[in-house]
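Trainee: Quick one: structure below, then a few questions.
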Amino acid sequence: MLAVLEVVTVVTVGLMVGVEFSVAFVMNRIFDALPDDSDQMARSHGGRMLGALMPFWYIGSVVLCAIWAVAGRHHEGTGLVAAGAALLIVSVIMSILLLVPINNQGKKWTPETRPADWKEQMNRWDRYHYARVAVIVAAFTLLVTALV
């Protein structure tokens with residue numbers, strides 16, 4: 001049963017990393033190449049869509065890691081799992097304090113209502129997002145290493 005939990009956790013976190021990596025290094029670059037109205041509307045739509053999904057994914061990943069750490073507390077690699085869970089908690093805190101406030105504003109914008117500095121705000125979100133991606137990649141790496 002522990003092996004199933006380990007695989008489910010690693011796959012769940014790995015998929016989350018893939019989505020967030022894609023947002024950072026693929027989707028936002030595509031959006032940036034669009035005309036301003038399309039760029040802003042794509043980011044707003046993405047903010048609404050992923051903003052509704054990602055909290056469950058992030059919290060679910062933390063919960064899975066916590067269960068794995070407790071269930072496997074007598075196995076090698078538990079320290080790595082706990083460290084991975086701690087990094088995922090850091091990513092949740094980063095999200096709440098840094099990214100969500102910007103996202104909550106941006107997802108309501110339209111070409112008519114966006115502020116003059118909307119691109120600067122999106123660039124700030126992107127910088128925070130790069131840092132968060134680095135944190136969740138590190139967490140994923142620890143979880144994978146715990147399997148070996």
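Residue numbering restarts at 1 in every chain; chains get A, B, ... in the order shown in the structure tokens, and ligands count up from 1 in that same order.
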Residues at most 7 Å from stretch 107-116 of chain A, counting only C-alpha atoms, excluding those fewer than 4 positions away in the same chain, as a list in words?
Mentor: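 Once the adjacent positions are removed, what remains is Asp37, Met41, Ser44, His45, Gly47, Arg48 and Asn103 of chain A.
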Trainee: Generate a file of the selected residues that holds N, CA, C and O atoms, formatted as a PDB file, in the first residue's frame.
Mentor:
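Wrote again35.pdb, looks like this:
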```pdb
ATOM      1  N   ASP A  37      -4.189  43.118 -26.173  1.00  0.00           N
ATOM      2  CA  ASP A  37      -5.521  42.694 -25.732  1.00  0.00           C
ATOM      3  C   ASP A  37      -5.597  41.180 -25.596  1.00  0.00           C
ATOM      4  O   ASP A  37      -6.121  40.659 -24.615  1.00  0.00           O
ATOM      5  N   MET A  41      -6.082  39.108 -22.128  1.00  0.00           N
ATOM      6  CA  MET A  41      -7.264  38.254 -22.009  1.00  0.00           C
ATOM      7  C   MET A  41      -6.862  36.795 -21.771  1.00  0.00           C
ATOM      8  O   MET A  41      -7.498  36.094 -20.982  1.00  0.00           O
ATOM      9  N   SER A  44      -5.763  36.550 -18.161  1.00  0.00           N
ATOM     10  CA  SER A  44      -6.930  36.617 -17.278  1.00  0.00           C
ATOM     11  C   SER A  44      -7.681  35.294 -17.266  1.00  0.00           C
ATOM     12  O   SER A  44      -8.068  34.797 -16.208  1.00  0.00           O
ATOM     13  N   HIS A  45      -7.873  34.721 -18.445  1.00  0.00           N
ATOM     14  CA  HIS A  45      -8.577  33.438 -18.529  1.00  0.00           C
ATOM     15  C   HIS A  45      -7.775  32.339 -17.825  1.00  0.00           C
ATOM     16  O   HIS A  45      -8.323  31.529 -17.072  1.00  0.00           O
ATOM     17  N   GLY A  47      -5.678  32.773 -15.439  1.00  0.00           N
ATOM     18  CA  GLY A  47      -5.757  33.046 -14.006  1.00  0.00           C
ATOM     19  C   GLY A  47      -7.047  32.526 -13.390  1.00  0.00           C
ATOM     20  O   GLY A  47      -7.047  31.996 -12.275  1.00  0.00           O
ATOM     21  N   ARG A  48      -8.134  32.668 -14.126  1.00  0.00           N
ATOM     22  CA  ARG A  48      -9.416  32.146 -13.623  1.00  0.00           C
ATOM     23  C   ARG A  48      -9.422  30.620 -13.619  1.00  0.00           C
ATOM     24  O   ARG A  48      -9.797  29.983 -12.629  1.00  0.00           O
ATOM     25  N   ASN A 103      -2.874  37.558  -9.075  1.00  0.00           N
ATOM     26  CA  ASN A 103      -3.782  36.769  -9.903  1.00  0.00           C
ATOM     27  C   ASN A 103      -5.228  37.191  -9.691  1.00  0.00           C
ATOM     28  O   ASN A 103      -6.001  37.284 -10.649  1.00  0.00           O
TER      29      ASN A 103
END
```
Trainee: Near A:Gly18, counting only C-alpha atoms, which residues have an atom at most 12 Å away, once you skip same-chain residues fewer than 3 positions from it, shown as a PyMOL selection string?
Mentor: chain A and resi 10-15+21-27+133-134+136-137+140
Trainee: What does the file look like for those residues with N, CA, C and O atoms, as a PDB file, in the first residue's frame?
Mentor:
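This went into again-v6.pdb:
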```pdb
ATOM      1  N   VAL A  10       4.191  10.993  -6.139  1.00  0.00           N
ATOM      2  CA  VAL A  10       5.197  11.460  -7.098  1.00  0.00           C
ATOM      3  C   VAL A  10       4.549  11.850  -8.427  1.00  0.00           C
ATOM      4  O   VAL A  10       4.900  12.879  -9.014  1.00  0.00           O
ATOM      5  N   VAL A  11       3.598  11.074  -8.889  1.00  0.00           N
ATOM      6  CA  VAL A  11       2.914  11.412 -10.147  1.00  0.00           C
ATOM      7  C   VAL A  11       2.115  12.703  -9.983  1.00  0.00           C
ATOM      8  O   VAL A  11       2.154  13.585 -10.852  1.00  0.00           O
ATOM      9  N   THR A  12       1.409  12.864  -8.877  1.00  0.00           N
ATOM     10  CA  THR A  12       0.615  14.073  -8.634  1.00  0.00           C
ATOM     11  C   THR A  12       1.499  15.310  -8.607  1.00  0.00           C
ATOM     12  O   THR A  12       1.210  16.315  -9.271  1.00  0.00           O
ATOM     13  N   VAL A  13       2.584  15.242  -7.841  1.00  0.00           N
ATOM     14  CA  VAL A  13       3.498  16.386  -7.758  1.00  0.00           C
ATOM     15  C   VAL A  13       4.191  16.606  -9.095  1.00  0.00           C
ATOM     16  O   VAL A  13       4.348  17.749  -9.542  1.00  0.00           O
ATOM     17  N   GLY A  14       4.571  15.524  -9.762  1.00  0.00           N
ATOM     18  CA  GLY A  14       5.225  15.658 -11.067  1.00  0.00           C
ATOM     19  C   GLY A  14       4.343  16.315 -12.112  1.00  0.00           C
ATOM     20  O   GLY A  14       4.806  17.165 -12.879  1.00  0.00           O
ATOM     21  N   LEU A  15       3.085  15.952 -12.137  1.00  0.00           N
ATOM     22  CA  LEU A  15       2.158  16.600 -13.070  1.00  0.00           C
ATOM     23  C   LEU A  15       1.986  18.080 -12.738  1.00  0.00           C
ATOM     24  O   LEU A  15       1.928  18.926 -13.640  1.00  0.00           O
ATOM     25  N   PHE A  21       5.612  24.466 -14.867  1.00  0.00           N
ATOM     26  CA  PHE A  21       6.754  24.699 -15.738  1.00  0.00           C
ATOM     27  C   PHE A  21       6.266  25.171 -17.103  1.00  0.00           C
ATOM     28  O   PHE A  21       6.812  26.112 -17.682  1.00  0.00           O
ATOM     29  N   SER A  22       5.230  24.526 -17.611  1.00  0.00           N
ATOM     30  CA  SER A  22       4.660  24.903 -18.897  1.00  0.00           C
ATOM     31  C   SER A  22       4.105  26.322 -18.882  1.00  0.00           C
ATOM     32  O   SER A  22       4.293  27.083 -19.837  1.00  0.00           O
ATOM     33  N   VAL A  23       3.428  26.675 -17.791  1.00  0.00           N
ATOM     34  CA  VAL A  23       2.917  28.050 -17.672  1.00  0.00           C
ATOM     35  C   VAL A  23       4.079  29.033 -17.736  1.00  0.00           C
ATOM     36  O   VAL A  23       4.047  30.019 -18.473  1.00  0.00           O
ATOM     37  N   ALA A  24       5.128  28.759 -16.955  1.00  0.00           N
ATOM     38  CA  ALA A  24       6.254  29.694 -16.856  1.00  0.00           C
ATOM     39  C   ALA A  24       7.039  29.826 -18.157  1.00  0.00           C
ATOM     40  O   ALA A  24       7.369  30.941 -18.568  1.00  0.00           O
ATOM     41  N   PHE A  25       7.331  28.707 -18.793  1.00  0.00           N
ATOM     42  CA  PHE A  25       8.295  28.737 -19.881  1.00  0.00           C
ATOM     43  C   PHE A  25       7.709  28.505 -21.270  1.00  0.00           C
ATOM     44  O   PHE A  25       8.423  28.624 -22.259  1.00  0.00           O
ATOM     45  N   VAL A  26       6.408  28.198 -21.332  1.00  0.00           N
ATOM     46  CA  VAL A  26       5.783  27.987 -22.639  1.00  0.00           C
ATOM     47  C   VAL A  26       4.590  28.925 -22.820  1.00  0.00           C
ATOM     48  O   VAL A  26       4.597  29.793 -23.691  1.00  0.00           O
ATOM     49  N   MET A  27       3.563  28.731 -21.986  1.00  0.00           N
ATOM     50  CA  MET A  27       2.313  29.476 -22.188  1.00  0.00           C
ATOM     51  C   MET A  27       2.505  30.998 -22.074  1.00  0.00           C
ATOM     52  O   MET A  27       2.026  31.740 -22.937  1.00  0.00           O
ATOM     53  N   VAL A 133       8.285  27.827  -9.132  1.00  0.00           N
ATOM     54  CA  VAL A 133       8.597  26.651  -9.948  1.00  0.00           C
ATOM     55  C   VAL A 133       9.903  26.023  -9.456  1.00  0.00           C
ATOM     56  O   VAL A 133       9.994  24.798  -9.336  1.00  0.00           O
ATOM     57  N   ALA A 134      10.896  26.830  -9.153  1.00  0.00           N
ATOM     58  CA  ALA A 134      12.163  26.292  -8.639  1.00  0.00           C
ATOM     59  C   ALA A 134      11.934  25.529  -7.337  1.00  0.00           C
ATOM     60  O   ALA A 134      12.507  24.440  -7.136  1.00  0.00           O
ATOM     61  N   ILE A 136       9.089  24.031  -6.308  1.00  0.00           N
ATOM     62  CA  ILE A 136       8.363  22.764  -6.497  1.00  0.00           C
ATOM     63  C   ILE A 136       9.188  21.751  -7.285  1.00  0.00           C
ATOM     64  O   ILE A 136       9.022  20.545  -7.088  1.00  0.00           O
ATOM     65  N   VAL A 137      10.085  22.210  -8.155  1.00  0.00           N
ATOM     66  CA  VAL A 137      11.003  21.285  -8.826  1.00  0.00           C
ATOM     67  C   VAL A 137      11.927  20.650  -7.787  1.00  0.00           C
ATOM     68  O   VAL A 137      12.187  19.438  -7.830  1.00  0.00           O
ATOM     69  N   PHE A 140       9.901  18.078  -5.899  1.00  0.00           N
ATOM     70  CA  PHE A 140       9.712  16.893  -6.735  1.00  0.00           C
ATOM     71  C   PHE A 140      10.985  16.051  -6.785  1.00  0.00           C
ATOM     72  O   PHE A 140      10.938  14.822  -6.684  1.00  0.00           O
TER      73      PHE A 140
END
```
Trainee: Looking only at the backbone, which of the residues in stretch 20-71 of chain A does DSSP tag as alpha helix (DSSP H), as number ranges by chain?
Mentor: A: 20-22, 28-32, 36-71
Trainee: Which value, in Å to one decimal, gives the distance between atom CA of A:Leu142 and atom CA of A:Ala52?
Mentor: 26.9 Å
Trainee: With a distance cut-off of 9 Å and only C-alpha atoms, select the neighbouring residues of A:Ala86, excluding the residue or stretch itself and same-chain residues fewer than 4 positions from it, and output the selection as a ChimeraX atom specification.
Mentor: /A:62,81-82,90-91,139
Trainee: For the residues selected in the previous step, produce a file with N, CA and C atoms as a PDB file, in the first residue's frame.
Mentor:
```
ATOM      1  N   VAL A  62       0.623  18.478  -0.710  1.00  0.00           N
ATOM      2  CA  VAL A  62       1.156  18.558   0.654  1.00  0.00           C
ATOM      3  C   VAL A  62       0.566  17.428   1.511  1.00  0.00           C
ATOM      4  N   VAL A  81      11.219  12.938   2.028  1.00  0.00           N
ATOM      5  CA  VAL A  81       9.785  13.190   1.830  1.00  0.00           C
ATOM      6  C   VAL A  81       9.353  14.375   2.686  1.00  0.00           C
ATOM      7  N   ALA A  82       9.803  14.408   3.938  1.00  0.00           N
ATOM      8  CA  ALA A  82       9.454  15.523   4.828  1.00  0.00           C
ATOM      9  C   ALA A  82      10.019  16.841   4.292  1.00  0.00           C
ATOM     10  N   VAL A  90       6.213  25.736   1.553  1.00  0.00           N
ATOM     11  CA  VAL A  90       6.787  27.033   1.165  1.00  0.00           C
ATOM     12  C   VAL A  90       6.119  27.539  -0.115  1.00  0.00           C
ATOM     13  N   SER A  91       5.897  26.640  -1.070  1.00  0.00           N
ATOM     14  CA  SER A  91       5.271  27.060  -2.331  1.00  0.00           C
ATOM     15  C   SER A  91       3.831  27.533  -2.107  1.00  0.00           C
ATOM     16  N   ALA A 139      11.225  20.210  -4.623  1.00  0.00           N
ATOM     17  CA  ALA A 139      10.393  19.274  -3.853  1.00  0.00           C
ATOM     18  C   ALA A 139      10.203  17.979  -4.621  1.00  0.00           C
TER      19      ALA A 139
END
```
Trainee: I'd like the interatomic distance between atom CA of A:Leu2 and atom CA of A:Ala71, to a tenth of an Å.
Mentor: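 Atom-to-atom, atom CA of A:Leu2 and atom CA of A:Ala71 are spaced 7.0 Å apart.
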Trainee: Name the closest residue to A:Tyr128 among the candidates A:Met16, A:Met1, A:Ala83, A:Leu99; distances are taken between atoms, counting only C-alpha atoms.
Mentor: A:Leu99
Trainee: Which neighbours of A:Lys119 fall inside 12 Å, counting only C-alpha atoms, when residues of the same chain fewer than 4 positions from it are skipped, and could you give them as number ranges by chain?
Mentor: A: 28, 31-32, 36-37, 39-40, 43, 102, 106, 109, 114-115, 123-126
Trainee: Would you write out those residues with N, CA and C atoms, as a PDB file, in the first residue's frame?
Mentor:
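Saved the output as selection02.pdb:
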```pdb
ATOM      1  N   ASN A  28       3.172  31.443 -21.030  1.00  0.00           N
ATOM      2  CA  ASN A  28       3.331  32.889 -20.872  1.00  0.00           C
ATOM      3  C   ASN A  28       4.189  33.489 -21.975  1.00  0.00           C
ATOM      4  N   PHE A  31       1.741  33.835 -24.785  1.00  0.00           N
ATOM      5  CA  PHE A  31       0.854  34.970 -24.515  1.00  0.00           C
ATOM      6  C   PHE A  31       1.564  36.297 -24.752  1.00  0.00           C
ATOM      7  N   ASP A  32       2.834  36.383 -24.340  1.00  0.00           N
ATOM      8  CA  ASP A  32       3.593  37.623 -24.512  1.00  0.00           C
ATOM      9  C   ASP A  32       3.778  37.992 -25.983  1.00  0.00           C
ATOM     10  N   ASP A  36      -1.472  43.039 -27.275  1.00  0.00           N
ATOM     11  CA  ASP A  36      -1.766  43.330 -25.869  1.00  0.00           C
ATOM     12  C   ASP A  36      -3.132  42.839 -25.405  1.00  0.00           C
ATOM     13  N   ASP A  37      -4.189  43.118 -26.173  1.00  0.00           N
ATOM     14  CA  ASP A  37      -5.521  42.694 -25.732  1.00  0.00           C
ATOM     15  C   ASP A  37      -5.597  41.180 -25.596  1.00  0.00           C
ATOM     16  N   ASP A  39      -3.052  39.056 -25.224  1.00  0.00           N
ATOM     17  CA  ASP A  39      -2.140  38.660 -24.146  1.00  0.00           C
ATOM     18  C   ASP A  39      -2.842  38.790 -22.796  1.00  0.00           C
ATOM     19  N   GLN A  40      -3.420  39.951 -22.564  1.00  0.00           N
ATOM     20  CA  GLN A  40      -4.070  40.206 -21.273  1.00  0.00           C
ATOM     21  C   GLN A  40      -5.289  39.308 -21.083  1.00  0.00           C
ATOM     22  N   ARG A  43      -4.094  35.754 -20.259  1.00  0.00           N
ATOM     23  CA  ARG A  43      -3.609  35.669 -18.878  1.00  0.00           C
ATOM     24  C   ARG A  43      -4.783  35.718 -17.892  1.00  0.00           C
ATOM     25  N   ILE A 102      -1.914  39.086  -6.933  1.00  0.00           N
ATOM     26  CA  ILE A 102      -1.796  39.597  -8.308  1.00  0.00           C
ATOM     27  C   ILE A 102      -2.786  38.881  -9.212  1.00  0.00           C
ATOM     28  N   GLY A 106      -5.705  40.322 -11.681  1.00  0.00           N
ATOM     29  CA  GLY A 106      -5.563  40.109 -13.119  1.00  0.00           C
ATOM     30  C   GLY A 106      -6.679  39.302 -13.747  1.00  0.00           C
ATOM     31  N   TRP A 109      -9.527  41.540 -15.060  1.00  0.00           N
ATOM     32  CA  TRP A 109      -9.255  42.569 -16.046  1.00  0.00           C
ATOM     33  C   TRP A 109      -9.827  42.234 -17.419  1.00  0.00           C
ATOM     34  N   ARG A 114      -8.329  47.072 -17.507  1.00  0.00           N
ATOM     35  CA  ARG A 114      -6.995  46.784 -16.974  1.00  0.00           C
ATOM     36  C   ARG A 114      -6.264  48.086 -16.640  1.00  0.00           C
ATOM     37  N   PRO A 115      -5.419  48.042 -15.609  1.00  0.00           N
ATOM     38  CA  PRO A 115      -4.662  49.236 -15.244  1.00  0.00           C
ATOM     39  C   PRO A 115      -3.536  49.500 -16.245  1.00  0.00           C
ATOM     40  N   ASN A 123       4.599  40.887 -15.141  1.00  0.00           N
ATOM     41  CA  ASN A 123       6.025  40.568 -15.060  1.00  0.00           C
ATOM     42  C   ASN A 123       6.437  40.252 -13.631  1.00  0.00           C
ATOM     43  N   ARG A 124       5.872  40.949 -12.654  1.00  0.00           N
ATOM     44  CA  ARG A 124       6.150  40.659 -11.242  1.00  0.00           C
ATOM     45  C   ARG A 124       5.608  39.260 -10.899  1.00  0.00           C
ATOM     46  N   TRP A 125       4.381  38.962 -11.368  1.00  0.00           N
ATOM     47  CA  TRP A 125       3.816  37.627 -11.145  1.00  0.00           C
ATOM     48  C   TRP A 125       4.730  36.566 -11.747  1.00  0.00           C
ATOM     49  N   ASP A 126       5.218  36.821 -12.966  1.00  0.00           N
ATOM     50  CA  ASP A 126       6.110  35.859 -13.628  1.00  0.00           C
ATOM     51  C   ASP A 126       7.367  35.612 -12.800  1.00  0.00           C
TER      52      ASP A 126
END
```
Trainee: Using only C-alpha atoms, pick whichever of A:Val8, A:Val100, A:Val63, A:Val70 has the shortest atom-to-atom distance to A:Leu50.
Mentor: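 Nearest to A:Leu50: A:Val100.
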Trainee: To one decimal place in Å, what is the distance between atom CA of A:Tyr130 and atom CA of A:Trp57?
Mentor: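 Between atom CA of A:Tyr130 and atom CA of A:Trp57 the gap works out to 17.9 Å.
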Trainee: Just checking: using only C-alpha atoms, which residue out of A:Ile59, A:Ile67, A:Val7, A:Ile89 ends up closest to A:Val148?
Mentor: A:Val7
Trainee: For a quick check of understanding, using only C-alpha atoms, which of A:Ile30, A:Leu80, A:Ala131, A:Leu64 has the smallest distance to A:Thr145?
Mentor: A:Leu80
